>>> print(open('final.cif').read())   # mmCIF, C-alpha atoms
data_work
#
loop_
_atom_site.label_atom_id
_atom_site.label_comp_id
_atom_site.auth_asym_id
_atom_site.auth_seq_id
_atom_site.Cartn_x
_atom_site.Cartn_y
_atom_site.Cartn_z
CA MET A 145 5.72 27.28 148.91
CA THR A 146 8.87 27.93 150.85
CA THR A 147 8.55 29.17 154.41
CA GLU A 148 11.90 30.97 154.38
CA THR A 149 11.76 34.53 155.63
CA ASN A 150 15.22 35.82 154.75
CA ALA A 151 15.05 39.27 153.19
CA PRO A 152 17.00 40.18 150.06
CA ALA A 153 20.21 42.11 150.42
CA THR A 154 19.80 45.87 150.78
CA THR A 155 21.90 48.53 149.09
CA THR A 156 21.53 52.06 147.82
CA GLU A 157 23.03 53.50 144.67
CA PRO A 158 25.79 53.21 143.67
CA GLY A 159 26.14 50.01 145.70
CA GLY A 160 27.05 51.07 149.23
CA PRO A 161 25.42 49.54 152.31
CA ALA A 162 22.16 50.85 153.69
CA PRO A 163 20.03 49.74 156.62
CA ALA A 164 17.21 47.30 156.00
CA GLY A 165 13.73 48.13 157.17
CA PRO A 166 10.22 49.01 156.04
CA LEU A 167 9.60 51.40 153.18
CA PRO A 168 8.90 55.00 154.15
CA PRO A 169 5.26 56.06 153.78
CA PRO A 170 4.35 57.46 150.34
CA GLY A 171 5.23 61.09 149.97
CA CYS A 172 7.91 61.16 152.70
CA GLY A 173 10.61 61.98 150.19
CA ALA A 174 13.16 59.38 151.25
CA ALA A 175 13.84 56.88 148.49
CA PRO A 176 13.10 53.28 149.46
CA PRO A 177 16.11 50.96 149.58
CA VAL A 178 17.21 48.96 146.57
CA ARG A 179 17.04 45.19 147.10
CA ASP A 180 19.50 42.93 145.28
CA TRP A 181 17.69 40.01 143.67
CA PRO A 182 20.12 37.29 142.62
CA ALA A 183 19.16 34.43 140.33
CA LEU A 184 18.71 31.70 142.94
CA GLU A 185 19.05 27.99 142.21
CA LEU A 186 15.62 26.96 143.51
CA ALA A 187 14.66 23.33 144.07
CA GLY A 188 11.32 21.89 143.08
CA THR A 189 8.28 24.13 143.14
CA ASP A 190 9.52 26.31 146.01
CA PHE A 191 8.47 29.94 145.72
CA ASP A 192 11.39 32.37 145.41
CA PRO A 193 12.21 33.50 148.99
CA VAL A 194 13.53 36.85 147.73
CA LEU A 195 10.25 37.57 145.93
CA ALA A 196 8.31 36.47 149.03
CA ALA A 197 10.32 38.92 151.14
CA LEU A 198 9.73 41.73 148.63
CA MET A 199 5.98 41.04 148.73
CA ARG A 200 6.00 41.26 152.53
CA GLU A 201 7.97 44.50 152.41
CA GLY A 202 5.37 46.32 150.35
CA PRO A 203 3.36 46.28 147.13
CA VAL A 204 5.99 48.40 145.35
CA THR A 205 9.72 48.04 146.05
CA ARG A 206 12.99 48.72 144.22
CA ILE A 207 15.23 45.94 142.93
CA ARG A 208 18.57 45.31 141.26
CA LEU A 209 19.00 42.18 139.12
CA PRO A 210 22.31 40.45 138.21
CA HIS A 211 22.86 42.24 134.87
CA GLY A 212 22.24 45.59 133.24
CA GLU A 213 22.48 48.92 135.04
CA GLY A 214 20.82 50.75 137.92
CA TRP A 215 17.63 49.74 139.69
CA ALA A 216 13.95 49.32 138.82
CA TRP A 217 10.61 49.46 140.57
CA LEU A 218 8.85 46.14 141.18
CA ALA A 219 5.06 45.93 141.43
CA THR A 220 3.72 42.79 143.12
CA ARG A 221 0.06 43.59 143.93
CA HIS A 222 -2.48 42.12 141.46
CA GLU A 223 -4.11 45.52 140.92
CA ASP A 224 -0.79 47.25 140.22
CA VAL A 225 0.37 44.48 137.90
CA ARG A 226 -2.79 44.94 135.84
CA THR A 227 -2.36 48.72 135.85
CA VAL A 228 1.25 48.73 134.71
CA THR A 229 0.68 46.12 131.98
CA ASN A 230 -2.40 47.85 130.56
CA ASP A 231 -1.51 51.54 130.86
CA PRO A 232 0.03 53.21 127.78
CA ARG A 233 2.03 55.48 130.10
CA PHE A 234 4.34 52.50 130.65
CA SER A 235 6.38 51.76 127.52
CA ARG A 236 8.19 48.63 126.43
CA SER A 237 9.83 50.24 123.39
CA GLU A 238 11.66 52.76 125.58
CA VAL A 239 13.53 49.88 127.24
CA THR A 240 15.31 49.12 123.97
CA ARG A 241 17.21 52.40 124.29
CA ARG A 242 18.43 51.74 127.83
CA GLN A 243 20.51 49.26 129.81
CA VAL A 244 17.92 48.48 132.49
CA THR A 245 18.78 46.10 135.33
CA ARG A 246 17.81 42.59 134.18
CA LEU A 247 18.23 38.84 134.72
CA ALA A 248 19.44 37.94 131.22
CA PRO A 249 23.19 38.31 130.66
CA HIS A 250 22.69 39.52 127.08
CA PHE A 251 20.30 42.22 125.87
CA GLY A 252 19.69 42.59 122.15
CA PRO A 253 16.04 43.43 121.31
CA ARG A 254 15.20 42.99 117.65
CA PRO A 255 13.01 45.17 115.43
CA GLY A 256 9.54 43.71 115.13
CA SER A 257 9.49 41.82 118.41
CA LEU A 258 6.01 42.09 119.91
CA ALA A 259 7.62 42.04 123.34
CA TRP A 260 9.08 45.53 122.79
CA ALA A 261 6.26 47.13 120.78
CA ASP A 262 3.81 49.73 122.04
CA GLN A 263 0.46 50.60 120.50
CA PRO A 264 -0.46 51.22 117.74
CA ASP A 265 2.63 49.43 116.37
CA HIS A 266 1.83 46.35 118.41
CA ASN A 267 -1.46 45.72 116.58
CA ARG A 268 0.19 46.25 113.19
CA LEU A 269 2.84 43.67 113.98
CA ARG A 270 0.45 41.18 115.53
CA LYS A 271 -2.03 41.23 112.64
CA PRO A 272 -0.13 38.90 110.25
CA LEU A 273 0.08 36.25 113.00
CA ALA A 274 -3.46 36.47 114.31
CA GLY A 275 -4.94 33.77 112.12
CA ALA A 276 -2.47 31.13 113.31
CA PHE A 277 -3.44 31.39 116.99
CA THR A 278 -7.21 31.81 117.04
CA VAL A 279 -9.54 29.48 118.90
CA GLY A 280 -10.73 28.18 115.54
CA ALA A 281 -7.18 27.45 114.38
CA MET A 282 -6.52 25.55 117.60
CA LYS A 283 -9.66 23.45 117.11
CA ARG A 284 -8.39 22.49 113.69
CA LEU A 285 -4.97 21.72 115.15
CA ARG A 286 -6.28 19.57 118.00
CA PRO A 287 -6.67 16.25 116.11
CA ARG A 288 -3.14 16.52 114.69
CA ALA A 289 -1.73 17.46 118.10
CA GLN A 290 -3.49 14.48 119.66
CA GLU A 291 -2.08 12.22 116.95
CA ILE A 292 1.47 13.44 117.70
CA LEU A 293 0.97 12.92 121.43
CA ASP A 294 -0.56 9.46 121.04
CA GLY A 295 2.43 8.37 118.99
CA LEU A 296 4.81 9.49 121.76
CA VAL A 297 2.79 7.75 124.47
CA ASP A 298 2.55 4.60 122.33
CA GLY A 299 6.34 4.53 122.31
CA VAL A 300 6.52 4.89 126.08
CA LEU A 301 4.06 2.05 126.62
CA ARG A 302 5.80 -0.15 124.07
CA ASP A 303 9.18 0.26 125.77
CA GLU A 304 7.70 -0.46 129.23
CA PRO A 305 8.65 1.32 132.47
CA PRO A 306 10.50 3.20 133.69
CA ALA A 307 10.56 6.27 131.45
CA ASP A 308 11.62 9.89 131.69
CA LEU A 309 8.48 11.86 130.84
CA ILE A 310 10.49 14.97 130.01
CA GLU A 311 12.65 13.22 127.44
CA ARG A 312 9.94 10.97 126.00
CA VAL A 313 6.83 13.22 126.00
CA LEU A 314 6.97 16.66 127.62
CA GLU A 315 9.88 17.92 125.53
CA PRO A 316 9.21 16.42 122.07
CA PHE A 317 5.46 17.08 122.08
CA PRO A 318 5.46 20.91 122.38
CA ILE A 319 8.51 21.15 120.13
CA THR A 320 6.76 19.17 117.41
CA VAL A 321 3.44 21.01 117.75
CA VAL A 322 5.03 24.49 117.80
CA SER A 323 7.25 23.49 114.89
CA GLU A 324 4.20 22.48 112.87
CA VAL A 325 2.36 25.71 113.70
CA MET A 326 5.45 27.73 112.83
CA GLY A 327 6.31 25.65 109.75
CA VAL A 328 9.71 24.25 110.80
CA PRO A 329 10.75 21.34 108.56
CA GLU A 330 11.33 18.11 110.47
CA ALA A 331 15.01 18.02 109.46
CA ASP A 332 15.62 21.40 111.17
CA ARG A 333 13.72 20.86 114.41
CA GLU A 334 16.54 19.53 116.57
CA ARG A 335 18.92 22.40 115.85
CA VAL A 336 16.13 24.97 116.26
CA HIS A 337 15.35 23.43 119.66
CA ALA A 338 19.02 23.51 120.65
CA TRP A 339 19.11 27.25 119.91
CA THR A 340 15.92 28.02 121.82
CA ARG A 341 17.06 26.00 124.83
CA GLN A 342 20.33 27.96 125.02
CA ILE A 343 18.57 31.31 124.63
CA ILE A 344 16.40 30.79 127.73
CA SER A 345 19.37 29.49 129.72
CA THR A 346 21.51 31.74 131.90
CA SER A 347 24.46 29.34 131.65
CA GLY A 348 27.22 30.01 129.17
CA GLY A 349 26.97 33.78 129.56
CA ALA A 350 26.40 36.41 126.90
CA GLY A 351 28.59 34.67 124.34
CA ALA A 352 26.58 31.44 124.29
CA ALA A 353 23.28 33.32 124.22
CA GLU A 354 24.43 35.52 121.36
CA THR A 355 25.70 32.55 119.34
CA ALA A 356 22.35 30.80 119.77
CA LYS A 357 20.43 33.93 118.80
CA GLN A 358 22.54 34.42 115.69
CA GLY A 359 21.91 30.82 114.68
CA LEU A 360 18.16 30.94 115.30
CA TYR A 361 17.51 34.35 113.80
CA GLY A 362 19.71 33.64 110.81
CA TRP A 363 17.69 30.48 110.13
CA ILE A 364 14.42 32.39 110.58
CA THR A 365 15.56 35.07 108.12
CA GLU A 366 16.32 32.47 105.45
CA THR A 367 13.01 30.71 106.09
CA VAL A 368 10.88 33.87 105.89
CA ARG A 369 12.58 34.83 102.62
CA ALA A 370 11.97 31.37 101.17
CA ARG A 371 8.24 31.49 102.07
CA ALA A 372 7.51 34.90 100.51
CA GLY A 373 5.45 33.41 97.71
CA GLY A 374 3.85 30.64 99.74
CA THR A 375 0.16 30.06 100.36
CA GLY A 376 0.34 27.92 103.49
CA GLU A 377 -1.12 28.74 106.93
CA ASP A 378 2.05 28.21 108.96
CA VAL A 379 3.54 31.23 110.72
CA TYR A 380 6.66 31.51 108.56
CA THR A 381 4.58 31.48 105.39
CA LEU A 382 2.16 34.07 106.83
CA LEU A 383 5.13 36.28 107.71
CA GLY A 384 6.80 35.78 104.35
CA ALA A 385 3.58 36.82 102.63
CA ALA A 386 3.19 39.85 104.92
CA VAL A 387 6.72 40.98 104.02
CA ALA A 388 5.96 40.54 100.32
CA ARG A 389 2.83 42.71 100.70
CA GLY A 390 4.80 45.39 102.55
CA GLU A 391 2.79 45.05 105.77
CA VAL A 392 5.89 44.35 107.86
CA GLY A 393 9.59 44.61 107.15
CA GLU A 394 11.82 41.55 106.97
CA GLU A 395 13.59 42.48 110.21
CA GLU A 396 10.21 42.89 111.88
CA ALA A 397 9.02 39.49 110.63
CA VAL A 398 12.12 37.83 112.04
CA GLY A 399 11.65 39.64 115.35
CA LEU A 400 8.04 38.48 115.48
CA ALA A 401 8.87 34.83 114.85
CA GLY A 402 11.73 34.36 117.33
CA PRO A 403 9.81 34.64 120.63
CA LEU A 404 7.00 32.45 119.27
CA GLN A 405 9.53 29.75 118.37
CA ILE A 406 11.13 30.01 121.81
CA GLY A 407 7.73 29.92 123.54
CA GLY A 408 7.39 26.16 123.05
CA GLU A 409 9.88 25.67 125.89
CA ALA A 410 7.42 27.06 128.45
CA VAL A 411 4.85 24.29 127.94
CA THR A 412 7.44 21.60 128.66
CA HIS A 413 8.45 23.11 131.97
CA ASN A 414 5.02 24.29 133.12
CA CYS A 415 3.54 20.84 132.50
CA GLY A 416 6.57 19.26 134.15
CA GLN A 417 5.83 21.25 137.30
CA MET A 418 2.12 20.39 137.14
CA LEU A 419 2.75 16.66 136.78
CA PHE A 420 5.36 16.74 139.56
CA LEU A 421 2.74 18.27 141.85
CA MET A 422 0.17 15.63 140.92
CA LEU A 423 2.70 12.83 141.39
CA THR A 424 3.73 14.10 144.84
CA ARG A 425 0.29 15.10 146.15
CA PRO A 426 -2.02 12.06 146.23
CA GLU A 427 -5.12 14.16 146.95
CA LEU A 428 -4.48 16.28 143.86
CA MET A 429 -3.94 13.22 141.65
CA ALA A 430 -7.09 11.62 143.04
CA ARG A 431 -9.10 14.72 142.24
CA MET A 432 -7.81 14.78 138.66
CA ARG A 433 -8.57 11.09 138.13
CA GLU A 434 -11.96 10.96 139.84
CA ARG A 435 -13.42 14.06 138.19
CA PRO A 436 -11.93 14.18 134.67
CA ALA A 437 -14.66 16.48 133.35
CA GLU A 438 -13.62 19.10 135.89
CA ARG A 439 -9.88 19.19 135.20
CA GLY A 440 -10.00 22.58 133.52
CA PRO A 441 -10.40 24.66 136.71
CA VAL A 442 -7.65 22.62 138.39
CA LEU A 443 -5.28 23.39 135.52
CA ASP A 444 -6.10 27.09 135.93
CA GLU A 445 -5.28 26.83 139.64
CA LEU A 446 -1.99 25.09 138.88
CA LEU A 447 -1.14 27.76 136.29
CA ARG A 448 -1.77 30.37 138.99
CA TRP A 449 0.29 28.56 141.62
CA ILE A 450 3.39 27.16 139.88
CA PRO A 451 6.55 29.31 139.99
CA HIS A 452 6.90 29.57 136.21
CA ARG A 453 10.07 31.62 135.98
CA SER A 454 13.10 32.98 137.79
CA THR A 455 12.83 36.60 139.03
CA VAL A 456 10.91 38.73 136.49
CA GLY A 457 10.45 39.10 132.75
CA LEU A 458 10.71 42.33 130.74
CA ALA A 459 10.71 45.88 132.06
CA ARG A 460 8.73 48.97 131.07
CA ILE A 461 9.66 52.66 131.28
CA ALA A 462 7.26 55.25 132.71
CA LEU A 463 6.62 57.95 130.10
CA GLU A 464 5.19 60.31 132.72
CA ASP A 465 4.66 60.39 136.47
CA VAL A 466 2.18 57.70 137.56
CA GLU A 467 0.82 57.00 141.04
CA LEU A 468 0.12 53.37 141.93
CA SER A 469 -2.53 52.07 144.32
CA ASP A 470 -0.49 52.47 147.52
CA GLY A 471 0.44 56.08 146.68
CA THR A 472 3.92 55.28 145.34
CA ARG A 473 4.81 57.78 142.62
CA ILE A 474 6.67 56.34 139.66
CA GLN A 475 8.51 59.20 137.98
CA ALA A 476 8.85 59.66 134.24
CA GLY A 477 11.87 57.72 133.03
CA ASP A 478 11.81 55.15 135.85
CA PRO A 479 12.04 51.47 134.83
CA VAL A 480 9.27 49.24 136.23
CA TYR A 481 8.90 45.48 136.48
CA VAL A 482 5.79 43.55 137.40
CA SER A 483 5.73 40.06 138.90
CA TYR A 484 2.93 37.89 137.58
CA LEU A 485 3.98 35.25 140.12
CA ALA A 486 3.45 37.71 142.96
CA GLY A 487 0.17 38.97 141.49
CA ASN A 488 -1.01 35.35 141.41
CA ARG A 489 -0.32 35.10 145.16
CA ASP A 490 -2.06 38.36 146.15
CA PRO A 491 -4.25 37.49 149.16
CA ALA A 492 -6.62 40.35 148.33
CA VAL A 493 -7.59 38.51 145.14
CA PHE A 494 -6.77 34.87 145.96
CA PRO A 495 -7.74 33.89 149.54
CA ASP A 496 -5.24 31.45 151.04
CA PRO A 497 -2.97 32.11 148.02
CA ASP A 498 -0.15 29.73 148.95
CA ARG A 499 -2.48 26.71 148.90
CA ILE A 500 -3.61 24.88 145.77
CA VAL A 501 -7.41 25.17 145.79
CA PRO A 502 -8.81 23.04 142.92
CA ASP A 503 -12.27 24.66 143.05
CA ARG A 504 -11.02 28.25 143.27
CA ASP A 505 -13.64 30.53 141.73
CA PRO A 506 -13.15 33.17 140.49
CA ASN A 507 -9.56 32.67 139.40
CA PRO A 508 -8.33 35.75 137.50
CA HIS A 509 -4.76 34.47 137.31
CA LEU A 510 -2.07 36.24 135.34
CA ALA A 511 -0.18 33.16 134.12
CA PHE A 512 -0.38 34.30 130.49
CA GLY A 513 0.15 37.98 131.26
CA HIS A 514 -2.28 40.86 130.92
CA GLY A 515 -3.04 43.79 128.67
CA THR A 516 -1.41 44.48 125.33
CA HIS A 517 1.30 41.90 125.87
CA TYR A 518 -1.00 39.03 126.84
CA CYS A 519 0.69 35.87 125.51
CA THR A 520 0.11 35.47 121.75
CA GLY A 521 0.34 31.69 122.08
CA ALA A 522 -1.88 31.36 125.17
CA VAL A 523 -4.60 29.36 123.39
CA LEU A 524 -1.97 27.02 121.91
CA ALA A 525 -0.26 26.59 125.29
CA ARG A 526 -3.57 25.79 126.98
CA LEU A 527 -4.46 23.27 124.26
CA GLN A 528 -1.15 21.46 124.69
CA THR A 529 -1.43 21.47 128.48
CA GLU A 530 -4.93 19.96 128.41
CA LEU A 531 -3.90 17.28 125.92
CA LEU A 532 -0.76 16.34 127.87
CA VAL A 533 -2.50 16.03 131.23
CA ASP A 534 -5.59 14.24 129.90
CA THR A 535 -3.65 11.79 127.75
CA LEU A 536 -1.03 10.87 130.35
CA LEU A 537 -3.54 10.42 133.18
CA ASP A 538 -6.03 8.48 131.04
CA ARG A 539 -3.55 6.19 129.29
CA LEU A 540 -1.30 5.61 132.31
CA PRO A 541 -3.80 5.03 135.14
CA LYS A 542 -1.11 3.83 137.57
CA LEU A 543 1.38 6.61 136.76
CA ARG A 544 3.74 7.35 139.66
CA LEU A 545 7.27 8.58 140.26
CA ALA A 546 10.02 5.98 139.77
CA VAL A 547 12.31 7.80 142.23
CA PRO A 548 11.78 9.64 145.51
CA ALA A 549 10.48 13.17 144.99
CA GLU A 550 13.73 14.66 146.31
CA ALA A 551 15.69 12.73 143.64
CA VAL A 552 13.94 14.48 140.74
CA GLU A 553 16.47 16.73 138.98
CA TRP A 554 15.51 20.35 138.30
CA ARG A 555 16.74 22.73 135.64
CA ARG A 556 19.56 25.04 136.70
CA LYS A 557 20.69 28.42 135.40
CA THR A 558 17.52 29.05 133.46
CA MET A 559 14.86 31.74 133.22
CA ILE A 560 12.01 29.21 132.94
CA ARG A 561 11.77 26.75 135.83
CA GLY A 562 10.85 23.07 135.66
CA PRO A 563 12.12 19.52 136.20
CA ARG A 564 15.04 18.48 134.02
CA THR A 565 13.97 14.85 134.31
CA LEU A 566 10.75 13.23 135.50
CA PRO A 567 11.33 9.47 135.93
CA VAL A 568 8.03 7.57 136.18
CA THR A 569 6.67 4.07 136.23
CA TRP A 570 3.14 2.64 135.97
#
>>> encode(input="final.cif", output="structure tokens")
Amino acid sequence: MTTETNAPATTTEPGGPAPAGPLPPPGCGAAPPVRDWPALELAGTDFDPVLAALMREGPVTRIRLPHGEGWAWLATRHEDVRTVTNDPRFSRSEVTRRQVTRLAPHFGPRPGSLAWADQPDHNRLRKPLAGAFTVGAMKRLRPRAQEILDGLVDGVLRDEPPADLIERVLEPFPITVVSEVMGVPEADRERVHAWTRQIISTSGGAGAAETAKQGLYGWITETVRARAGGTGEDVYTLLGAAVARGEVGEEEAVGLAGPLQIGGEAVTHNCGQMLFLMLTRPELMARMRERPAERGPVLDELLRWIPHRSTVGLARIALEDVELSDGTRIQAGDPVYVSYLAGNRDPAVFPDPDRIVPDRDPNPHLAFGHGTHYCTGAVLARLQTELLVDTLLDRLPKLRLAVPAEAVEWRRKTMIRGPRTLPVTW
């Protein structure tokens, strides 16, 4: 983790200067300052220095992100993150009617998206998808996923070193597996991937993001319509059937499918960070190789530790006044963000939080979220992560970086962090 201590810029509405300093005690009346949080270009697995400064400043602060309007509360304590994400007094659907400060340059929530649904609507929308992401479904998928992965690794071994693991394995594997779960025909997979990659990027501005969304969601609409009479178990067929039965509307089905299709990108970049850490920390690699039966807890610790994303994800709106654990009163109508990254570094829950502790127990990390909006594809993501790490370490016993660690290229202008390339030899 970075050791930088620079604090984020401080302003007060509507943008004039204000003195930096500690937050006033709860109940003092004075509004805490608003901290500007730019989208930094962070190298490697460094923790965001702005987020680190916000965590030091207090468990609840106020932030302004590069796009949208106004400011929002930010909760960083593990307890508060769990409260906000599991309390019905904080609404996601209310955000769709506002221009809340945000990282993404373009904001266009779609009907049916689980990300913006509150209960009981959330359960209604999630029901048609449930069967595709159960533990049982993942067990049935595992042999096929392993077959796909083995074919990719066979190609790497056949072509001999060096190889870029991102290009050869970490990118095509999740794309192929997610595409099979979703039901994307092989001929369409490359253009679907191109759309999803642009959507999670912050480069190109609102125009590029909107073009990609129109392409992806237009394709999804056509696919759901075409699968209305199908009997398959892929997600698009399940959604087409649910629309035909009147359980969800077509717009809702399309809104449900989009984030799941995009979610395959996260596995590539999370695993890229994990492998980079193993390849640059000999003691971590030795632990993974010497005790293969105990890799699971290490993967959980890496999921806790890696800086998965830039800034924060999606906001919520307080429907009524709510007091958080430090006494901060969130007023009705206030936007609120939580940081899962910060919650995963809370020293009250994770002793020595900035260190990777392979045997950490318990490890109640928040890498897949919490509460109603816990990641729908968490079991699938975990399956893919286990297969990738096990297969690469077992089949490439001398795996090592082919370039100095500082020469590894990292993704820029993106909401999900990870190496752009990972050149290796063996």
>>> atom_distance(input="final.cif", atom1="atom CA of A:Gly416", atom2="atom CA of A:Tyr518")
22.4 Å
>>> closest_residue(input="final.cif", among="A:Thr424, A:Thr516, A:Thr535, A:Thr375", to="A:Pro548", atoms="only C-alpha atoms")
A:Thr424
>>> residues_around(input="final.cif", residues="A:Leu195", least_positions_apart="6", cutoff="10 Å", atoms="only C-alpha atoms", output="list in words")
Ala151, Pro152, Trp181, Glu201, Leu218, Thr220, Ser454, Thr455, Val456, Ser483, Leu485 and Ala486 of chain A
>>> closest_atom_pairs(input="final.cif", of="stretch 234-283 of chain A", to="stretch 351-373 of chain A", cutoff="9 Å", atoms="all atoms listed in the file", output="Markdown table")
| residue | atom | partner | partner_atom | distance |
| --- | --- | --- | --- | --- |
| A:Pro249 | CA | A:Ala353 | CA | 8.1 |
| A:His250 | CA | A:Ala353 | CA | 6.9 |
| A:Gly252 | CA | A:Glu354 | CA | 8.5 |
>>> resolve_selection(input="final.cif", expression="the PyMOL selection byres ((chain A and resi 515) around 10)", output="VMD selection string")
chain A and resid 225 to 232 513 to 514 516 to 519
>>> write_last_selection(input="final.cif", atoms="C-alpha atoms", output="mmCIF file, in the coordinates of the input")
data_model
loop_
_atom_site.group_PDB
_atom_site.id
_atom_site.type_symbol
_atom_site.label_atom_id
_atom_site.label_comp_id
_atom_site.auth_asym_id
_atom_site.auth_seq_id
_atom_site.Cartn_x
_atom_site.Cartn_y
_atom_site.Cartn_z
ATOM 1 C CA VAL A 225 0.370 44.480 137.900
ATOM 2 C CA ARG A 226 -2.790 44.940 135.840
ATOM 3 C CA THR A 227 -2.360 48.720 135.850
ATOM 4 C CA VAL A 228 1.250 48.730 134.710
ATOM 5 C CA THR A 229 0.680 46.120 131.980
ATOM 6 C CA ASN A 230 -2.400 47.850 130.560
ATOM 7 C CA ASP A 231 -1.510 51.540 130.860
ATOM 8 C CA PRO A 232 0.030 53.210 127.780
ATOM 9 C CA GLY A 513 0.150 37.980 131.260
ATOM 10 C CA HIS A 514 -2.280 40.860 130.920
ATOM 11 C CA THR A 516 -1.410 44.480 125.330
ATOM 12 C CA HIS A 517 1.300 41.900 125.870
ATOM 13 C CA TYR A 518 -1.000 39.030 126.840
ATOM 14 C CA CYS A 519 0.690 35.870 125.510
#
>>> closest_residue(input="final.cif", among="A:Met418, A:Ala551, A:Asn507, A:Ile560", to="A:Pro495", atoms="only C-alpha atoms")
A:Asn507
>>> closest_residue(input="final.cif", among="A:Glu315, A:Glu324, A:Glu434, A:Asp180", to="A:Leu537", atoms="all atoms listed in the file")
A:Glu434
>>> resolve_selection(input="final.cif", expression="the PyMOL selection byres ((chain A and resi 383-394) around 12)", output="number ranges by chain")
A: 254-257, 265-276, 326-327, 361-362, 364-382, 395-402
>>> closest_residue(input="final.cif", among="A:Arg221, A:Arg335, A:Arg448, A:Arg341", to="A:Pro508", atoms="only C-alpha atoms")
A:Arg448
>>> build_atoms(input="final.cif", residues="stretch 285-297 of chain A", atoms="N, CA, C and O atoms", output="compact mmCIF listing (two decimals), in the frame of the given file")
# COMPACT_ATOMS: atom_id res chain seq x y z
N LEU A 285 -6.25 22.33 114.81
CA LEU A 285 -4.97 21.72 115.15
C LEU A 285 -5.12 20.54 116.10
O LEU A 285 -4.30 19.62 116.08
N ARG A 286 -6.16 20.55 116.91
CA ARG A 286 -6.28 19.57 118.00
C ARG A 286 -6.14 18.11 117.56
O ARG A 286 -5.39 17.35 118.19
N PRO A 287 -6.83 17.66 116.50
CA PRO A 287 -6.67 16.25 116.11
C PRO A 287 -5.22 15.90 115.75
O PRO A 287 -4.74 14.82 116.10
N ARG A 288 -4.54 16.79 115.05
CA ARG A 288 -3.14 16.52 114.69
C ARG A 288 -2.26 16.51 115.93
O ARG A 288 -1.38 15.65 116.07
N ALA A 289 -2.50 17.44 116.86
CA ALA A 289 -1.73 17.46 118.10
C ALA A 289 -1.96 16.18 118.90
O ALA A 289 -1.01 15.60 119.45
N GLN A 290 -3.20 15.72 118.95
CA GLN A 290 -3.49 14.48 119.66
C GLN A 290 -2.80 13.29 119.00
O GLN A 290 -2.29 12.39 119.68
N GLU A 291 -2.76 13.29 117.69
CA GLU A 291 -2.08 12.22 116.95
C GLU A 291 -0.59 12.19 117.30
O GLU A 291 -0.01 11.12 117.52
N ILE A 292 0.05 13.36 117.34
CA ILE A 292 1.47 13.44 117.70
C ILE A 292 1.68 12.91 119.11
O ILE A 292 2.59 12.11 119.37
N LEU A 293 0.83 13.33 120.03
CA LEU A 293 0.97 12.92 121.43
C LEU A 293 0.73 11.43 121.60
O LEU A 293 1.47 10.74 122.33
N ASP A 294 -0.28 10.90 120.94
CA ASP A 294 -0.56 9.46 121.04
C ASP A 294 0.62 8.63 120.54
O ASP A 294 0.94 7.58 121.12
N GLY A 295 1.27 9.10 119.49
CA GLY A 295 2.43 8.37 118.99
C GLY A 295 3.56 8.33 120.02
O GLY A 295 4.23 7.30 120.19
N LEU A 296 3.76 9.45 120.73
CA LEU A 296 4.81 9.49 121.76
C LEU A 296 4.46 8.57 122.93
O LEU A 296 5.32 7.84 123.44
N VAL A 297 3.20 8.61 123.35
CA VAL A 297 2.79 7.75 124.47
C VAL A 297 2.81 6.28 124.07
O VAL A 297 3.15 5.41 124.87
